[in-house]
Every structure is written in structure tokens, then in C-alpha cells.
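Next comes input34.pdb, with PDB, C-alpha atoms, pLDDT in the B column.
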```pdb
ATOM      1  CA  MET I  30      11.528  -1.062  -8.213  1.00 96.00           C
ATOM      2  CA  GLU I  31       9.278  -3.865  -7.044  1.00 97.00           C
ATOM      3  CA  VAL I  32       7.094  -4.108  -3.953  1.00 98.00           C
ATOM      4  CA  LEU I  33       4.908  -6.959  -2.778  1.00 98.00           C
ATOM      5  CA  VAL I  34       1.287  -5.980  -2.128  1.00 97.00           C
ATOM      6  CA  ASN I  35      -0.903  -8.670  -0.575  1.00 97.00           C
ATOM      7  CA  ASN I  36       1.428 -11.299  -2.086  1.00 95.00           C
ATOM      8  CA  LYS I  37       1.269  -9.767  -5.572  1.00 97.00           C
ATOM      9  CA  LEU I  38       4.344  -8.143  -7.102  1.00 97.00           C
ATOM     10  CA  TYR I  39       4.028  -4.579  -8.445  1.00 96.00           C
ATOM     11  CA  ALA I  40       6.616  -2.524 -10.303  1.00 97.00           C
ATOM     12  CA  VAL I  41       6.489   1.085  -9.083  1.00 97.00           C
ATOM     13  CA  GLN I  42       8.627   4.179  -9.455  1.00 96.00           C
ATOM     14  CA  PRO I  43      11.324   4.929  -6.879  1.00 95.00           C
ATOM     15  CA  ASP I  44      10.090   7.189  -4.048  1.00 94.00           C
ATOM     16  CA  THR I  45       6.506   5.975  -4.435  1.00 97.00           C
ATOM     17  CA  THR I  46       4.430   6.819  -1.374  1.00 98.00           C
ATOM     18  CA  VAL I  47       1.745   4.653   0.174  1.00 97.00           C
ATOM     19  CA  ALA I  48      -0.890   7.100  -1.127  1.00 96.00           C
ATOM     20  CA  ALA I  49       0.531   6.905  -4.663  1.00 97.00           C
ATOM     21  CA  LEU I  50       0.604   3.105  -4.498  1.00 97.00           C
ATOM     22  CA  LEU I  51      -3.069   2.977  -3.541  1.00 96.00           C
ATOM     23  CA  GLN I  52      -3.897   5.272  -6.447  1.00 95.00           C
ATOM     24  CA  PHE I  53      -1.738   3.179  -8.810  1.00 95.00           C
ATOM     25  CA  ILE I  54      -3.532  -0.052  -7.929  1.00 95.00           C
ATOM     26  CA  GLN I  55      -6.879   1.791  -7.944  1.00 93.00           C
ATOM     27  CA  LEU I  56      -8.040   0.950  -4.443  1.00 86.00           C
ATOM     28  CA  PRO I  57     -10.576   3.117  -2.653  1.00 84.00           C
ATOM     29  CA  THR I  58      -8.979   4.728   0.378  1.00 85.00           C
ATOM     30  CA  LYS I  59     -12.015   4.463   2.664  1.00 89.00           C
ATOM     31  CA  GLY I  60     -12.318   1.487   4.942  1.00 91.00           C
ATOM     32  CA  ILE I  61      -8.789   0.179   4.529  1.00 95.00           C
ATOM     33  CA  ALA I  62      -5.726  -0.211   6.703  1.00 96.00           C
ATOM     34  CA  VAL I  63      -2.165  -0.365   5.383  1.00 97.00           C
ATOM     35  CA  ALA I  64       0.920  -1.978   6.892  1.00 98.00           C
ATOM     36  CA  VAL I  65       4.428  -1.855   5.442  1.00 98.00           C
ATOM     37  CA  ASN I  66       6.770  -4.596   6.585  1.00 98.00           C
ATOM     38  CA  ARG I  67       4.309  -5.492   9.378  1.00 96.00           C
ATOM     39  CA  SER I  68       4.132  -1.932  10.736  1.00 97.00           C
ATOM     40  CA  VAL I  69       0.785  -0.152  10.462  1.00 98.00           C
ATOM     41  CA  VAL I  70       1.006   3.146   8.607  1.00 98.00           C
ATOM     42  CA  PRO I  71      -1.512   5.693   9.931  1.00 97.00           C
ATOM     43  CA  ARG I  72      -3.693   7.264   7.247  1.00 96.00           C
ATOM     44  CA  ALA I  73      -2.222  10.690   8.058  1.00 97.00           C
ATOM     45  CA  ALA I  74       1.219   9.360   7.103  1.00 98.00           C
ATOM     46  CA  TRP I  75       0.307   7.804   3.728  1.00 97.00           C
ATOM     47  CA  ASP I  76       1.492  10.864   1.766  1.00 97.00           C
ATOM     48  CA  ALA I  77       4.800  10.993   3.634  1.00 97.00           C
ATOM     49  CA  THR I  78       5.629   7.269   3.806  1.00 98.00           C
ATOM     50  CA  THR I  79       7.937   6.322   0.935  1.00 98.00           C
ATOM     51  CA  LEU I  80       8.290   2.718  -0.112  1.00 98.00           C
ATOM     52  CA  SER I  81      11.632   0.983  -0.598  1.00 97.00           C
ATOM     53  CA  PRO I  82      12.545  -1.862  -2.972  1.00 97.00           C
ATOM     54  CA  ALA I  83      11.246  -5.249  -1.784  1.00 95.00           C
ATOM     55  CA  ASP I  84       8.883  -3.732   0.814  1.00 98.00           C
ATOM     56  CA  LYS I  85       5.974  -5.954   1.792  1.00 98.00           C
ATOM     57  CA  VAL I  86       2.691  -4.060   1.892  1.00 98.00           C
ATOM     58  CA  MET I  87      -0.448  -5.515   3.437  1.00 98.00           C
ATOM     59  CA  ILE I  88      -3.784  -3.856   2.678  1.00 96.00           C
ATOM     60  CA  ILE I  89      -6.776  -4.905   4.709  1.00 94.00           C
ATOM     61  CA  GLN I  90     -10.232  -3.829   3.642  1.00 88.00           C
ATOM     62  CA  ALA I  91     -13.119  -3.600   6.102  1.00 82.00           C
ATOM     63  CA  THR I  92     -16.235  -5.536   5.180  1.00 79.00           C
ATOM     64  CA  GLN I  93     -19.774  -5.148   6.341  1.00 73.00           C
ATOM     65  CA  GLY I  94     -21.532  -8.066   7.909  1.00 66.00           C
ATOM     66  CA  GLY I  95     -24.798  -8.769   9.472  1.00 59.00           C
TER
END
```

As C-alpha cells - that is how I would like this structure written.
Amino acid sequence: MEVLVNNKLYAVQPDTTVAALLQFIQLPTKGIAVAVNRSVVPRAAWDATTLSPADKVMIIQATQGG
């Protein structure tokens, strides 16, 4: 199945979780926020939140400034 992550299409296995997606695209899990179809997914729910075909995932990474 395909999901859109930050406007980039990824082919993933059915029943892929948010946590598995982050591992698949090799993103560090610290300092990020994830939304699926414009709904924020709490970090505690990443392992239990399963993606569906054509889901739109937005990953926002915190940056340091000064």
C-alpha cells in the first residue's frame, strides 16, 4: 500500500504502524511530532496506530535556534 509522508509517496506493508514507518524511513524518534490525516498521534500511540492506504502523514521535526 502507499502512504504520503511529507508529500513524498512511500510503499509500505499493510498494517504498518506509525512506529514502523518511522523506522522504515530511518527518522530519529526524538524531537518529532507526527500527524496522520491532520490528527496528531501522541507518541504513546505510535505502536498502536496502524496506517491505511492513501493516509497522509506529516512529520515535523523540532529545530534548535538561537

From I:Met30, I:Ala49, I:Ala62, I:Leu56, residue lying nearest Ala91 in chain I [only C-alpha atoms]:
I:Ala62

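Taking CA of Leu33 in chain I and CA of Thr92 in chain I as endpoints, the distance between them is 22.6 Å.
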
Interatomic distance between CA of Ser68 in chain I and CA of Gln90 in chain I?
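If I compute the distance from CA of Ser68 in chain I to CA of Gln90 in chain I, I get 16.1 Å.
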
Find the residues around Thr45 in chain I up to 12 Å (all atoms listed in the file counted), leave out those fewer than 5 positions away in its own chain, and share them as a PDB file with C-alpha atoms, keeping the file's coordinate frame.
```
ATOM      1  CA  MET I  30      11.528  -1.062  -8.213  1.00 96.00           C
ATOM      2  CA  GLU I  31       9.278  -3.865  -7.044  1.00 97.00           C
ATOM      3  CA  VAL I  32       7.094  -4.108  -3.953  1.00 98.00           C
ATOM      4  CA  TYR I  39       4.028  -4.579  -8.445  1.00 96.00           C
ATOM      5  CA  ALA I  40       6.616  -2.524 -10.303  1.00 97.00           C
ATOM      6  CA  LEU I  50       0.604   3.105  -4.498  1.00 97.00           C
ATOM      7  CA  LEU I  51      -3.069   2.977  -3.541  1.00 96.00           C
ATOM      8  CA  GLN I  52      -3.897   5.272  -6.447  1.00 95.00           C
ATOM      9  CA  PHE I  53      -1.738   3.179  -8.810  1.00 95.00           C
ATOM     10  CA  TRP I  75       0.307   7.804   3.728  1.00 97.00           C
ATOM     11  CA  ASP I  76       1.492  10.864   1.766  1.00 97.00           C
ATOM     12  CA  ALA I  77       4.800  10.993   3.634  1.00 97.00           C
ATOM     13  CA  THR I  78       5.629   7.269   3.806  1.00 98.00           C
ATOM     14  CA  THR I  79       7.937   6.322   0.935  1.00 98.00           C
ATOM     15  CA  LEU I  80       8.290   2.718  -0.112  1.00 98.00           C
ATOM     16  CA  SER I  81      11.632   0.983  -0.598  1.00 97.00           C
ATOM     17  CA  PRO I  82      12.545  -1.862  -2.972  1.00 97.00           C
ATOM     18  CA  ASP I  84       8.883  -3.732   0.814  1.00 98.00           C
TER      19      ASP I  84
END
```

Coordinates-based distance that separates CA of Leu38 in chain I from CA of Pro71 in chain I (Å, one decimal):
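Answer for the CA of Pro71 in chain I to CA of Leu38 in chain I separation: 22.7 Å.
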
Nearest residue to Pro43 in chain I from the set I:Arg67, I:Arg72, I:Ala83, I:Thr58 (distances using all atoms listed in the file)
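Among the listed residues, I:Ala83 lies closest to Pro43 in chain I.
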
Enclose all atoms of range 48-66 of chain I listed in the file in an axis-aligned box, grow every side by 5 Å, and hand back centre and edge lengths in Å to one decimal, as AutoDock Vina command-line options.
```
--center_x -2.8 --center_y 1.3 --center_z -1.0 --size_x 29.1 --size_y 21.7 --size_z 25.7
```

Sel. within 6 Å of pt (3.1, -3.0, 5.0), counting only C-alpha atoms, output as a ChimeraX atom specification
/I:63-68,85-87

Which is closer to Val34 in chain I than all the others in I:Ile61, I:Ile54, I:Gln93, I:Ala73, using only C-alpha atoms?
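Among the listed residues, the smallest separation from Val34 in chain I belongs to I:Ile54.
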
Could range 39-58 of chain I be completed with N, CA and C atoms and returned as a PDB file, in the coordinates of the input?
```
ATOM      1  N   TYR I  39       4.309  -5.769  -7.638  1.00 96.00           N
ATOM      2  CA  TYR I  39       4.028  -4.579  -8.445  1.00 96.00           C
ATOM      3  C   TYR I  39       5.331  -3.848  -8.717  1.00 96.00           C
ATOM      4  N   ALA I  40       5.479  -3.373  -9.939  1.00 97.00           N
ATOM      5  CA  ALA I  40       6.616  -2.524 -10.303  1.00 97.00           C
ATOM      6  C   ALA I  40       6.151  -1.072 -10.170  1.00 97.00           C
ATOM      7  N   VAL I  41       6.839  -0.320  -9.320  1.00 97.00           N
ATOM      8  CA  VAL I  41       6.489   1.085  -9.083  1.00 97.00           C
ATOM      9  C   VAL I  41       7.733   1.947  -9.227  1.00 97.00           C
ATOM     10  N   GLN I  42       7.518   3.237  -9.342  1.00 96.00           N
ATOM     11  CA  GLN I  42       8.627   4.179  -9.455  1.00 96.00           C
ATOM     12  C   GLN I  42       9.338   4.336  -8.114  1.00 96.00           C
ATOM     13  N   PRO I  43      10.633   4.625  -8.137  1.00 95.00           N
ATOM     14  CA  PRO I  43      11.324   4.929  -6.879  1.00 95.00           C
ATOM     15  C   PRO I  43      10.648   6.111  -6.181  1.00 95.00           C
ATOM     16  N   ASP I  44      10.696   6.138  -4.879  1.00 94.00           N
ATOM     17  CA  ASP I  44      10.090   7.189  -4.048  1.00 94.00           C
ATOM     18  C   ASP I  44       8.566   7.198  -4.105  1.00 94.00           C
ATOM     19  N   THR I  45       7.962   6.075  -4.453  1.00 97.00           N
ATOM     20  CA  THR I  45       6.506   5.975  -4.435  1.00 97.00           C
ATOM     21  C   THR I  45       6.028   5.984  -2.990  1.00 97.00           C
ATOM     22  N   THR I  46       5.000   6.770  -2.716  1.00 98.00           N
ATOM     23  CA  THR I  46       4.430   6.819  -1.374  1.00 98.00           C
ATOM     24  C   THR I  46       3.305   5.793  -1.261  1.00 98.00           C
ATOM     25  N   VAL I  47       2.879   5.552  -0.047  1.00 97.00           N
ATOM     26  CA  VAL I  47       1.745   4.653   0.174  1.00 97.00           C
ATOM     27  C   VAL I  47       0.514   5.194  -0.549  1.00 97.00           C
ATOM     28  N   ALA I  48       0.270   6.492  -0.458  1.00 96.00           N
ATOM     29  CA  ALA I  48      -0.890   7.100  -1.127  1.00 96.00           C
ATOM     30  C   ALA I  48      -0.818   6.900  -2.642  1.00 96.00           C
ATOM     31  N   ALA I  49       0.364   7.084  -3.218  1.00 97.00           N
ATOM     32  CA  ALA I  49       0.531   6.905  -4.663  1.00 97.00           C
ATOM     33  C   ALA I  49       0.344   5.443  -5.063  1.00 97.00           C
ATOM     34  N   LEU I  50       0.789   4.528  -4.225  1.00 97.00           N
ATOM     35  CA  LEU I  50       0.604   3.105  -4.498  1.00 97.00           C
ATOM     36  C   LEU I  50      -0.875   2.757  -4.538  1.00 97.00           C
ATOM     37  N   LEU I  51      -1.628   3.252  -3.569  1.00 96.00           N
ATOM     38  CA  LEU I  51      -3.069   2.977  -3.541  1.00 96.00           C
ATOM     39  C   LEU I  51      -3.761   3.529  -4.785  1.00 96.00           C
ATOM     40  N   GLN I  52      -3.336   4.687  -5.224  1.00 95.00           N
ATOM     41  CA  GLN I  52      -3.897   5.272  -6.447  1.00 95.00           C
ATOM     42  C   GLN I  52      -3.496   4.427  -7.657  1.00 95.00           C
ATOM     43  N   PHE I  53      -2.245   3.983  -7.702  1.00 95.00           N
ATOM     44  CA  PHE I  53      -1.738   3.179  -8.810  1.00 95.00           C
ATOM     45  C   PHE I  53      -2.515   1.865  -8.955  1.00 95.00           C
ATOM     46  N   ILE I  54      -2.808   1.216  -7.836  1.00 95.00           N
ATOM     47  CA  ILE I  54      -3.532  -0.052  -7.929  1.00 95.00           C
ATOM     48  C   ILE I  54      -5.049   0.144  -7.855  1.00 95.00           C
ATOM     49  N   GLN I  55      -5.471   1.394  -7.851  1.00 93.00           N
ATOM     50  CA  GLN I  55      -6.879   1.791  -7.944  1.00 93.00           C
ATOM     51  C   GLN I  55      -7.740   1.206  -6.832  1.00 93.00           C
ATOM     52  N   LEU I  56      -7.265   1.377  -5.601  1.00 86.00           N
ATOM     53  CA  LEU I  56      -8.040   0.950  -4.443  1.00 86.00           C
ATOM     54  C   LEU I  56      -8.704   2.160  -3.807  1.00 86.00           C
ATOM     55  N   PRO I  57      -9.954   2.017  -3.401  1.00 84.00           N
ATOM     56  CA  PRO I  57     -10.576   3.117  -2.653  1.00 84.00           C
ATOM     57  C   PRO I  57      -9.860   3.266  -1.316  1.00 84.00           C
ATOM     58  N   THR I  58      -9.743   4.486  -0.847  1.00 85.00           N
ATOM     59  CA  THR I  58      -8.979   4.728   0.378  1.00 85.00           C
ATOM     60  C   THR I  58      -9.840   4.693   1.638  1.00 85.00           C
TER      61      THR I  58
END
```
